[in-house]
There are 2 protein chains.
Amino acid sequence: MMAKLNEGLSSQVERVASGYGRRATTIRGATSADAATFSPLYLQIKTLITRGLQGGEWKPGEAIPSEGDLAKRFGVSQGTVRKAIDAMAAENLLIRRQGKGTYVATHQEARAQFRFLRLAPDDARDETSESRILECRRIRASAEIARFLRLKAGDSLVAIRRVLSFDGVPTVLDDIWLDGTVFKGLTAERVSAYQGPLYGLFESEFATPMTRAEERIRAVAATPDAARILAVALHAPLLSVERVSMTYADRPVELRRGLYSTHSHFYRNTLG
Amino acid sequence: MMAKLNEGLSSQVERVASGYGRRATTIRGATSADAATFSPLYLQIKTLITRGLQGGEWKPGEAIPSEGDLAKRFGVSQGTVRKAIDAMAAENLLIRRQGKGTYVATHQEARAQFRFLRLAPDDARDETSESRILECRRIRASAEIARFLRLKAGDSLVAIRRVLSFDGVPTVLDDIWLDGTVFKGLTAERVSAYQGPLYGLFESEFATPMTRAEERIRAVAATPDAARILAVALHAPLLSVERVSMTYADRPVELRRGLYSTHSHFYRNTLG
DNA sequence: GAGTGGTCTAGACCACTGA
DNA sequence: CAGTGGTCTAGACCACTCG
């Protein structure tokens, strides 16, 4: 364990004898320019752990080191590590399991399936779901899409069109645009061959787990295209869900426009 | 301060000398049957504080006692009170203000306006909003509405229909059904006279702050009624938002069905 | 039984607010 | 300045998981 101390996330925290038992000031991390970071120790630790996730030191589904180990590694108390992990668990970046350890959140588990797809059937039955890829090609970013993904117009994108069916009924038509640099090598074959949600593919094959997303929802009339694919009447009301998905450090990497048929499903949301 | 110790929330925590410095077991509270509560101390404290909110000991917008005072009152450490308050702050029941105190969340402040109304304008401009009451009467609950509000069919309800306009453009048509017992004495005059969001009225006049809500969103076609009121074409696509709102202890007290025109607005949501 | 996260305490000091 | 929440530490013990 201690042998791991100075590899990868080798950071230690510097202290200044000025008040606190241990007054946190800056971090001596893998990169410099950290000296400008003025924030509580536990947020600095949170940044370090996030950096480990970004760097792939701990992959989705794997356990991170125990609180005690991390405390030794970063030179802080276990309570401070705990507070950093608490914050990350609240953001669904990490998952705590009493008696076992703390794990990196993953999109490849049954419980995680409905974290981003909030469509539920009217009657609370179990239903099968199936994804069919209609299209997957490389294109150049329009100015609008580039803006959402913080790219430049003309940059490389991967464009995917797919249909989600529940119990055999086509219900969701998704148009997806991905940052071409991050998802280099993504082909129709690889997408079609993959079992499970796309976000599982993104995280396991491209080391890019989606951690957060923002959606803009509207009611729109079905276009001829959408009406045909979703087997609804022309101009039938559909839910339009525009989503920008982010990976670690809130970097946007996916833009998605979904059209949901809400005849026998609804979009569920909780207001707190 | 100490004079307040045995009024209202007079609870103290009983301990058993079995392990912990102080092992939490049960609470001797205002009511009995608490002995069956097996949960960590801080959750028991959370329950006690929630009970204080329910009982009106601290009203929305007011400060609750300091962490130290609550710790003395409940006979636990400040850290335990802190953890209870942290949990409640995460649920937006309380709001911490460093240097000032901890306050009961309220719907009567500028920042709280958009906690439950998630409609935003396409261009991020400031807009005026105006609520017009079309109808407010007492009715008997249908079986369906009764189920949502955990009432019996035939129980008394208050039914309100109102239109929300932004910059003078009618955008939201709400049908609202309220538990008639809780909102006894709610009349069209009182509703129309009130300035600000309805949830402000509910909390200040009926001691019923909404703390949480669940929504089911669909795309629907405008009915003749809705089309007329919202000035859209017949069968134009509208967002249908069905909301069940809860007060303390997750008690449902309001059912609302909103029809949103999403021509120049969208429903914003964040996925974590 | 060893290892992990979960709870609880006690005490110190910091950062912010307002009289 | 006193009072409040915010951070940090150290140490103890509990509850859970798994070999």
# chains A, B, ... in the order shown; residues from 1 in each chain; ligands from 1
$ select_by_dssp --residues "region 14-161 of chain B" --states "helix (DSSP H, G or I)" --output "ChimeraX atom specification"
/B:34-36,41-54,67-74,78-90,110-112,143-148
$ write_last_selection --atoms "C-alpha atoms" --output "mmCIF file, in the first residue's frame"
data_model
loop_
_atom_site.group_PDB
_atom_site.id
_atom_site.type_symbol
_atom_site.label_atom_id
_atom_site.label_comp_id
_atom_site.auth_asym_id
_atom_site.auth_seq_id
_atom_site.Cartn_x
_atom_site.Cartn_y
_atom_site.Cartn_z
ATOM 1 C CA ASP B 34 -40.733 6.465 19.439
ATOM 2 C CA ALA B 35 -39.078 3.543 21.126
ATOM 3 C CA ALA B 36 -39.515 1.621 17.897
ATOM 4 C CA LEU B 41 -28.696 9.628 16.420
ATOM 5 C CA TYR B 42 -28.390 12.312 13.786
ATOM 6 C CA LEU B 43 -31.457 10.978 11.968
ATOM 7 C CA GLN B 44 -33.376 11.059 15.218
ATOM 8 C CA ILE B 45 -32.289 14.665 15.665
ATOM 9 C CA LYS B 46 -33.384 15.331 12.106
ATOM 10 C CA THR B 47 -36.798 13.943 12.951
ATOM 11 C CA LEU B 48 -37.012 16.163 16.005
ATOM 12 C CA ILE B 49 -36.090 19.269 14.047
ATOM 13 C CA THR B 50 -38.580 18.333 11.324
ATOM 14 C CA ARG B 51 -41.200 17.944 14.025
ATOM 15 C CA GLY B 52 -40.419 21.479 15.122
ATOM 16 C CA LEU B 53 -40.956 22.718 11.604
ATOM 17 C CA GLN B 54 -44.226 20.817 11.308
ATOM 18 C CA GLU B 67 -26.122 24.354 16.504
ATOM 19 C CA GLY B 68 -24.737 24.704 20.003
ATOM 20 C CA ASP B 69 -28.137 25.468 21.507
ATOM 21 C CA LEU B 70 -29.737 22.542 19.722
ATOM 22 C CA ALA B 71 -26.926 20.279 20.885
ATOM 23 C CA LYS B 72 -27.575 21.243 24.511
ATOM 24 C CA ARG B 73 -31.302 20.904 24.048
ATOM 25 C CA PHE B 74 -31.092 17.417 22.584
ATOM 26 C CA GLN B 78 -22.656 19.765 18.087
ATOM 27 C CA GLY B 79 -21.252 17.509 15.381
ATOM 28 C CA THR B 80 -24.328 15.329 15.513
ATOM 29 C CA VAL B 81 -26.675 18.295 15.253
ATOM 30 C CA ARG B 82 -24.528 19.534 12.385
ATOM 31 C CA LYS B 83 -24.965 16.287 10.505
ATOM 32 C CA ALA B 84 -28.734 16.422 10.966
ATOM 33 C CA ILE B 85 -28.853 19.999 9.697
ATOM 34 C CA ASP B 86 -26.551 19.128 6.795
ATOM 35 C CA ALA B 87 -29.019 16.475 5.681
ATOM 36 C CA MET B 88 -31.945 18.867 5.929
ATOM 37 C CA ALA B 89 -30.053 21.596 4.085
ATOM 38 C CA ALA B 90 -29.356 19.095 1.302
ATOM 39 C CA ALA B 110 -36.426 35.806 -5.158
ATOM 40 C CA ARG B 111 -33.991 32.907 -5.239
ATOM 41 C CA ALA B 112 -36.714 30.397 -4.331
ATOM 42 C CA ALA B 143 -61.519 8.664 -6.966
ATOM 43 C CA GLU B 144 -58.446 9.464 -9.054
ATOM 44 C CA ILE B 145 -57.584 12.759 -7.405
ATOM 45 C CA ALA B 146 -58.296 11.292 -3.983
ATOM 46 C CA ARG B 147 -55.743 8.593 -4.642
ATOM 47 C CA PHE B 148 -52.983 11.076 -5.444
#
$ closest_atom_pairs --of "chain B" --to "chain A" --cutoff "7 Å" --atoms "only C-alpha atoms" --output "tab-separated table"
residue	atom	partner	partner_atom	distance
B:Glu91	CA	A:Gly272	CA	6.3
B:Asn92	CA	A:Gly272	CA	6.6
B:Phe116	CA	A:Leu271	CA	6.3
B:Thr211	CA	A:Gly272	CA	6.6
B:Arg212	CA	A:Gly272	CA	4.7
B:Ala213	CA	A:Leu271	CA	5.0
B:Glu214	CA	A:Thr270	CA	4.5
B:Glu215	CA	A:Asn269	CA	5.1
B:Arg216	CA	A:Arg268	CA	4.8
B:Ile217	CA	A:Tyr267	CA	4.9
B:Arg218	CA	A:Thr262	CA	5.5
B:Ala219	CA	A:Leu239	CA	5.2
B:Val220	CA	A:Pro237	CA	5.4
B:Ala221	CA	A:Pro237	CA	6.0
B:Pro237	CA	A:Pro237	CA	4.9
B:Leu238	CA	A:Ala219	CA	5.3
B:Leu239	CA	A:Ala219	CA	5.2
B:Thr262	CA	A:Arg218	CA	5.5
B:Phe266	CA	A:Ile217	CA	5.5
B:Tyr267	CA	A:Ile217	CA	4.9
B:Arg268	CA	A:Arg216	CA	4.8
B:Asn269	CA	A:Glu215	CA	5.1
B:Thr270	CA	A:Glu214	CA	4.5
B:Leu271	CA	A:Ala213	CA	5.0
B:Gly272	CA	A:Arg212	CA	4.7
$ write_last_selection --atoms "N, CA, C and O atoms" --output "mmCIF file, in the first residue's frame"
data_model
loop_
_atom_site.group_PDB
_atom_site.id
_atom_site.type_symbol
_atom_site.label_atom_id
_atom_site.label_comp_id
_atom_site.auth_asym_id
_atom_site.auth_seq_id
_atom_site.Cartn_x
_atom_site.Cartn_y
_atom_site.Cartn_z
ATOM 1 N N GLU B 91 -31.749 18.758 1.529
ATOM 2 C CA GLU B 91 -33.122 18.572 1.036
ATOM 3 C C GLU B 91 -33.842 19.897 0.873
ATOM 4 O O GLU B 91 -35.061 19.926 0.665
ATOM 5 N N ASN B 92 -33.127 20.992 1.020
ATOM 6 C CA ASN B 92 -33.713 22.328 0.876
ATOM 7 C C ASN B 92 -34.775 22.632 1.917
ATOM 8 O O ASN B 92 -35.664 23.453 1.662
ATOM 9 N N PHE B 116 -39.639 25.412 -8.118
ATOM 10 C CA PHE B 116 -40.681 24.494 -8.564
ATOM 11 C C PHE B 116 -41.157 24.808 -9.982
ATOM 12 O O PHE B 116 -41.667 23.930 -10.657
ATOM 13 N N THR B 211 -42.438 21.163 0.257
ATOM 14 C CA THR B 211 -41.025 20.848 0.422
ATOM 15 C C THR B 211 -40.475 19.997 -0.719
ATOM 16 O O THR B 211 -39.262 19.971 -0.938
ATOM 17 N N ARG B 212 -41.346 19.325 -1.431
ATOM 18 C CA ARG B 212 -40.899 18.363 -2.419
ATOM 19 C C ARG B 212 -42.048 18.096 -3.383
ATOM 20 O O ARG B 212 -43.206 18.274 -3.016
ATOM 21 N N ALA B 213 -41.739 17.687 -4.610
ATOM 22 C CA ALA B 213 -42.803 17.376 -5.556
ATOM 23 C C ALA B 213 -42.314 16.353 -6.565
ATOM 24 O O ALA B 213 -41.113 16.246 -6.830
ATOM 25 N N GLU B 214 -43.256 15.599 -7.116
ATOM 26 C CA GLU B 214 -42.917 14.665 -8.180
ATOM 27 C C GLU B 214 -43.760 14.990 -9.395
ATOM 28 O O GLU B 214 -44.952 15.239 -9.280
ATOM 29 N N GLU B 215 -43.109 14.983 -10.549
ATOM 30 C CA GLU B 215 -43.789 15.390 -11.761
ATOM 31 C C GLU B 215 -43.786 14.279 -12.811
ATOM 32 O O GLU B 215 -42.837 13.487 -12.896
ATOM 33 N N ARG B 216 -44.840 14.250 -13.596
ATOM 34 C CA ARG B 216 -44.932 13.357 -14.749
ATOM 35 C C ARG B 216 -45.204 14.228 -15.964
ATOM 36 O O ARG B 216 -46.224 14.906 -16.033
ATOM 37 N N ILE B 217 -44.289 14.182 -16.911
ATOM 38 C CA ILE B 217 -44.343 15.114 -18.027
ATOM 39 C C ILE B 217 -44.655 14.373 -19.319
ATOM 40 O O ILE B 217 -44.088 13.300 -19.587
ATOM 41 N N ARG B 218 -45.552 14.944 -20.078
ATOM 42 C CA ARG B 218 -45.940 14.370 -21.363
ATOM 43 C C ARG B 218 -46.108 15.473 -22.392
ATOM 44 O O ARG B 218 -46.224 16.639 -22.047
ATOM 45 N N ALA B 219 -46.118 15.086 -23.658
ATOM 46 C CA ALA B 219 -46.497 16.017 -24.715
ATOM 47 C C ALA B 219 -47.934 15.700 -25.100
ATOM 48 O O ALA B 219 -48.266 14.537 -25.346
ATOM 49 N N VAL B 220 -48.780 16.719 -25.147
ATOM 50 C CA VAL B 220 -50.192 16.517 -25.481
ATOM 51 C C VAL B 220 -50.617 17.557 -26.515
ATOM 52 O O VAL B 220 -49.922 18.547 -26.735
ATOM 53 N N ALA B 221 -51.778 17.326 -27.109
ATOM 54 C CA ALA B 221 -52.327 18.283 -28.074
ATOM 55 C C ALA B 221 -53.279 19.223 -27.346
ATOM 56 O O ALA B 221 -54.033 18.804 -26.457
ATOM 57 N N PRO B 237 -48.918 21.302 -29.966
ATOM 58 C CA PRO B 237 -48.265 20.514 -28.914
ATOM 59 C C PRO B 237 -48.020 21.355 -27.667
ATOM 60 O O PRO B 237 -47.525 22.476 -27.751
ATOM 61 N N LEU B 238 -48.403 20.802 -26.524
ATOM 62 C CA LEU B 238 -48.176 21.460 -25.232
ATOM 63 C C LEU B 238 -47.498 20.477 -24.292
ATOM 64 O O LEU B 238 -47.681 19.263 -24.400
ATOM 65 N N LEU B 239 -46.733 21.015 -23.352
ATOM 66 C CA LEU B 239 -46.145 20.182 -22.309
ATOM 67 C C LEU B 239 -47.184 20.005 -21.209
ATOM 68 O O LEU B 239 -47.726 20.984 -20.701
ATOM 69 N N THR B 262 -44.531 25.832 -25.116
ATOM 70 C CA THR B 262 -43.061 25.875 -25.177
ATOM 71 C C THR B 262 -42.576 26.456 -26.505
ATOM 72 O O THR B 262 -41.599 26.009 -27.085
ATOM 73 N N PHE B 266 -38.630 26.800 -22.340
ATOM 74 C CA PHE B 266 -38.365 25.376 -22.225
ATOM 75 C C PHE B 266 -38.326 24.986 -20.758
ATOM 76 O O PHE B 266 -38.117 25.837 -19.890
ATOM 77 N N TYR B 267 -38.553 23.712 -20.529
ATOM 78 C CA TYR B 267 -38.492 23.144 -19.181
ATOM 79 C C TYR B 267 -37.056 22.682 -18.975
ATOM 80 O O TYR B 267 -36.547 21.859 -19.728
ATOM 81 N N ARG B 268 -36.403 23.250 -17.961
ATOM 82 C CA ARG B 268 -34.996 22.922 -17.769
ATOM 83 C C ARG B 268 -34.843 21.883 -16.668
ATOM 84 O O ARG B 268 -35.557 21.898 -15.677
ATOM 85 N N ASN B 269 -33.923 20.988 -16.863
ATOM 86 C CA ASN B 269 -33.713 19.937 -15.877
ATOM 87 C C ASN B 269 -32.240 19.563 -15.852
ATOM 88 O O ASN B 269 -31.528 19.703 -16.844
ATOM 89 N N THR B 270 -31.801 19.124 -14.688
ATOM 90 C CA THR B 270 -30.420 18.698 -14.543
ATOM 91 C C THR B 270 -30.398 17.248 -14.121
ATOM 92 O O THR B 270 -31.128 16.856 -13.213
ATOM 93 N N LEU B 271 -29.591 16.445 -14.789
ATOM 94 C CA LEU B 271 -29.425 15.049 -14.414
ATOM 95 C C LEU B 271 -28.081 14.908 -13.730
ATOM 96 O O LEU B 271 -27.069 15.389 -14.217
ATOM 97 N N GLY B 272 -28.079 14.264 -12.568
ATOM 98 C CA GLY B 272 -26.831 14.091 -11.846
ATOM 99 C C GLY B 272 -26.494 12.642 -11.816
ATOM 100 O O GLY B 272 -25.587 12.217 -11.156
#
$ select_by_dssp --residues "region 96-263 of chain B" --states "strand (DSSP E or B)" --output "PyMOL selection string"
chain B and resi 96-97+101-104+119-121+129-140+156-166+169-179+212-221+237-247+251-260
$ write_last_selection --atoms "C-alpha atoms" --output "PDB file, in the first residue's frame"
ATOM      1  CA  ARG B  96     -27.341  27.753   6.210  1.00  0.00           C
ATOM      2  CA  ARG B  97     -25.901  31.253   6.295  1.00  0.00           C
ATOM      3  CA  GLY B 101     -27.536  31.181  11.449  1.00  0.00           C
ATOM      4  CA  THR B 102     -29.668  28.458   9.933  1.00  0.00           C
ATOM      5  CA  TYR B 103     -33.001  29.458   8.431  1.00  0.00           C
ATOM      6  CA  VAL B 104     -36.194  27.670   7.505  1.00  0.00           C
ATOM      7  CA  LEU B 119     -39.784  27.032 -17.235  1.00  0.00           C
ATOM      8  CA  ALA B 120     -37.075  29.307 -18.632  1.00  0.00           C
ATOM      9  CA  PRO B 121     -37.160  31.692 -21.599  1.00  0.00           C
ATOM     10  CA  SER B 129     -44.686  37.245 -14.732  1.00  0.00           C
ATOM     11  CA  GLU B 130     -48.337  37.606 -13.869  1.00  0.00           C
ATOM     12  CA  SER B 131     -50.873  35.152 -12.482  1.00  0.00           C
ATOM     13  CA  ARG B 132     -54.581  35.451 -13.261  1.00  0.00           C
ATOM     14  CA  ILE B 133     -57.101  33.331 -11.377  1.00  0.00           C
ATOM     15  CA  LEU B 134     -59.836  32.033 -13.674  1.00  0.00           C
ATOM     16  CA  GLU B 135     -61.654  29.973 -11.104  1.00  0.00           C
ATOM     17  CA  CYS B 136     -61.518  28.921  -7.452  1.00  0.00           C
ATOM     18  CA  ARG B 137     -64.192  26.735  -5.911  1.00  0.00           C
ATOM     19  CA  ARG B 138     -64.789  23.872  -3.553  1.00  0.00           C
ATOM     20  CA  ILE B 139     -65.524  20.479  -5.055  1.00  0.00           C
ATOM     21  CA  ARG B 140     -65.660  16.802  -4.047  1.00  0.00           C
ATOM     22  CA  SER B 156     -63.509  18.171   0.128  1.00  0.00           C
ATOM     23  CA  LEU B 157     -61.115  19.835  -2.329  1.00  0.00           C
ATOM     24  CA  VAL B 158     -60.293  23.340  -3.446  1.00  0.00           C
ATOM     25  CA  ALA B 159     -60.042  23.584  -7.233  1.00  0.00           C
ATOM     26  CA  ILE B 160     -58.171  26.480  -8.802  1.00  0.00           C
ATOM     27  CA  ARG B 161     -57.648  27.303 -12.452  1.00  0.00           C
ATOM     28  CA  ARG B 162     -55.162  30.006 -13.307  1.00  0.00           C
ATOM     29  CA  VAL B 163     -53.048  31.327 -16.147  1.00  0.00           C
ATOM     30  CA  LEU B 164     -49.448  32.425 -15.886  1.00  0.00           C
ATOM     31  CA  SER B 165     -48.267  35.018 -18.376  1.00  0.00           C
ATOM     32  CA  PHE B 166     -44.684  36.062 -19.079  1.00  0.00           C
ATOM     33  CA  VAL B 169     -47.961  36.305 -23.091  1.00  0.00           C
ATOM     34  CA  PRO B 170     -50.147  33.543 -21.574  1.00  0.00           C
ATOM     35  CA  THR B 171     -47.819  30.557 -21.239  1.00  0.00           C
ATOM     36  CA  VAL B 172     -49.007  28.242 -18.459  1.00  0.00           C
ATOM     37  CA  LEU B 173     -52.511  26.987 -17.732  1.00  0.00           C
ATOM     38  CA  ASP B 174     -52.670  25.357 -14.297  1.00  0.00           C
ATOM     39  CA  ASP B 175     -55.437  23.259 -12.811  1.00  0.00           C
ATOM     40  CA  ILE B 176     -54.809  22.864  -9.124  1.00  0.00           C
ATOM     41  CA  TRP B 177     -56.496  20.624  -6.575  1.00  0.00           C
ATOM     42  CA  LEU B 178     -55.803  21.164  -2.892  1.00  0.00           C
ATOM     43  CA  ASP B 179     -56.664  19.151   0.185  1.00  0.00           C
ATOM     44  CA  ARG B 212     -40.899  18.363  -2.419  1.00  0.00           C
ATOM     45  CA  ALA B 213     -42.803  17.376  -5.556  1.00  0.00           C
ATOM     46  CA  GLU B 214     -42.917  14.665  -8.180  1.00  0.00           C
ATOM     47  CA  GLU B 215     -43.789  15.390 -11.761  1.00  0.00           C
ATOM     48  CA  ARG B 216     -44.932  13.357 -14.749  1.00  0.00           C
ATOM     49  CA  ILE B 217     -44.343  15.114 -18.027  1.00  0.00           C
ATOM     50  CA  ARG B 218     -45.940  14.370 -21.363  1.00  0.00           C
ATOM     51  CA  ALA B 219     -46.497  16.017 -24.715  1.00  0.00           C
ATOM     52  CA  VAL B 220     -50.192  16.517 -25.481  1.00  0.00           C
ATOM     53  CA  ALA B 221     -52.327  18.283 -28.074  1.00  0.00           C
ATOM     54  CA  PRO B 237     -48.265  20.514 -28.914  1.00  0.00           C
ATOM     55  CA  LEU B 238     -48.176  21.460 -25.232  1.00  0.00           C
ATOM     56  CA  LEU B 239     -46.145  20.182 -22.309  1.00  0.00           C
ATOM     57  CA  SER B 240     -48.388  18.475 -19.752  1.00  0.00           C
ATOM     58  CA  VAL B 241     -46.870  18.581 -16.272  1.00  0.00           C
ATOM     59  CA  GLU B 242     -48.667  16.599 -13.568  1.00  0.00           C
ATOM     60  CA  ARG B 243     -47.284  17.423 -10.156  1.00  0.00           C
ATOM     61  CA  VAL B 244     -47.942  16.040  -6.690  1.00  0.00           C
ATOM     62  CA  SER B 245     -46.554  18.413  -4.062  1.00  0.00           C
ATOM     63  CA  MET B 246     -45.729  17.362  -0.536  1.00  0.00           C
ATOM     64  CA  THR B 247     -45.303  19.239   2.718  1.00  0.00           C
ATOM     65  CA  ARG B 251     -47.550  14.434   3.051  1.00  0.00           C
ATOM     66  CA  PRO B 252     -49.166  15.135  -0.347  1.00  0.00           C
ATOM     67  CA  VAL B 253     -51.419  18.191  -0.257  1.00  0.00           C
ATOM     68  CA  GLU B 254     -51.558  19.454  -3.827  1.00  0.00           C
ATOM     69  CA  LEU B 255     -52.187  17.927  -7.228  1.00  0.00           C
ATOM     70  CA  ARG B 256     -51.523  20.170 -10.194  1.00  0.00           C
ATOM     71  CA  ARG B 257     -51.798  19.691 -13.913  1.00  0.00           C
ATOM     72  CA  GLY B 258     -50.024  22.365 -15.906  1.00  0.00           C
ATOM     73  CA  LEU B 259     -50.115  22.895 -19.655  1.00  0.00           C
ATOM     74  CA  TYR B 260     -47.016  24.752 -20.809  1.00  0.00           C
TER      75      TYR B 260
END
$ interface_residues --of "chain C" --to "chain B" --cutoff "9 Å" --atoms "only C-alpha atoms (C1' of nucleotides)" --output "list in words"
DT7, DC8, DT9, DA10, DA15, DC16, DT17 and DG18 of chain C
$ closest_atom_pairs --of "chain D" --to "chain B" --cutoff "7 Å" --atoms "only C-alpha atoms (C1' of nucleotides)" --output "CSV"
residue,atom,partner,partner_atom,distance
D:DT4,C1',B:Gly99,CA,4.3
D:DG5,C1',B:Gln98,CA,4.5
D:DC13,C1',B:Tyr20,CA,5.3
$ write_last_selection --atoms "N, CA, C and O atoms (P, O5', C5', C4', C3', O3' and C1' of nucleotides)" --output "PDB file, in the first residue's frame"
ATOM      1  P    DT D   4     -25.101  32.091  18.776  1.00  0.00           P
ATOM      2  O5'  DT D   4     -24.826  31.678  17.267  1.00  0.00           O
ATOM      3  C5'  DT D   4     -25.534  32.325  16.207  1.00  0.00           C
ATOM      4  C4'  DT D   4     -24.817  32.014  14.923  1.00  0.00           C
ATOM      5  C3'  DT D   4     -24.580  30.532  14.714  1.00  0.00           C
ATOM      6  O3'  DT D   4     -25.600  29.967  13.911  1.00  0.00           O
ATOM      7  C1'  DT D   4     -22.669  31.850  14.130  1.00  0.00           C
ATOM      8  P    DG D   5     -25.569  28.366  13.712  1.00  0.00           P
ATOM      9  O5'  DG D   5     -24.621  28.198  12.441  1.00  0.00           O
ATOM     10  C5'  DG D   5     -25.056  28.667  11.190  1.00  0.00           C
ATOM     11  C4'  DG D   5     -23.878  28.755  10.246  1.00  0.00           C
ATOM     12  C3'  DG D   5     -23.422  27.413   9.671  1.00  0.00           C
ATOM     13  O3'  DG D   5     -22.986  27.633   8.338  1.00  0.00           O
ATOM     14  C1'  DG D   5     -21.638  28.407  10.796  1.00  0.00           C
ATOM     15  P    DC D  13     -13.285   1.940  22.708  1.00  0.00           P
ATOM     16  O5'  DC D  13     -14.621   1.703  21.874  1.00  0.00           O
ATOM     17  C5'  DC D  13     -15.800   2.432  22.194  1.00  0.00           C
ATOM     18  C4'  DC D  13     -16.739   2.337  21.020  1.00  0.00           C
ATOM     19  C3'  DC D  13     -17.056   0.901  20.586  1.00  0.00           C
ATOM     20  O3'  DC D  13     -18.447   0.700  20.693  1.00  0.00           O
ATOM     21  C1'  DC D  13     -16.596   2.307  18.744  1.00  0.00           C
TER      22       DC D  13
END
$ residues_around --residues "Gly56 (chain A)" --least-positions-apart "4" --cutoff "12 Å" --atoms "only C-alpha atoms (C1' of nucleotides)" --output "MDAnalysis selection string"
chainID A and resid 8:9 49:52 60:62 64 104 203:204 206:209 248
$ write_last_selection --atoms "C-alpha atoms" --output "PDB file, in the first residue's frame"
ATOM      1  CA  GLY A   8       0.120   8.596 -10.236  1.00  0.00           C
ATOM      2  CA  LEU A   9      -1.685  10.911  -7.857  1.00  0.00           C
ATOM      3  CA  ILE A  49      -9.541  12.339  -6.323  1.00  0.00           C
ATOM      4  CA  THR A  50     -11.368  13.696  -9.379  1.00  0.00           C
ATOM      5  CA  ARG A  51      -8.017  14.011 -11.098  1.00  0.00           C
ATOM      6  CA  GLY A  52      -7.418  10.335 -10.373  1.00  0.00           C
ATOM      7  CA  PRO A  60     -15.777   2.928 -13.313  1.00  0.00           C
ATOM      8  CA  GLY A  61     -16.884  -0.077 -11.301  1.00  0.00           C
ATOM      9  CA  GLU A  62     -13.583  -0.346  -9.461  1.00  0.00           C
ATOM     10  CA  ILE A  64     -10.833   3.494  -4.864  1.00  0.00           C
ATOM     11  CA  VAL A 104     -16.370   4.625  -9.009  1.00  0.00           C
ATOM     12  CA  GLU A 203     -17.238   4.796 -20.490  1.00  0.00           C
ATOM     13  CA  SER A 204     -15.684   1.395 -21.151  1.00  0.00           C
ATOM     14  CA  PHE A 206     -13.583   5.562 -24.663  1.00  0.00           C
ATOM     15  CA  ALA A 207     -12.768   6.182 -21.005  1.00  0.00           C
ATOM     16  CA  THR A 208     -15.424   8.872 -20.949  1.00  0.00           C
ATOM     17  CA  PRO A 209     -18.067   8.356 -18.279  1.00  0.00           C
ATOM     18  CA  TYR A 248     -15.390  14.784 -15.369  1.00  0.00           C
TER      19      TYR A 248
END
$ atom_distance --atom1 "CA of Gly185 (chain A)" --atom2 "CA of Tyr199 (chain A)"
15.9 Å
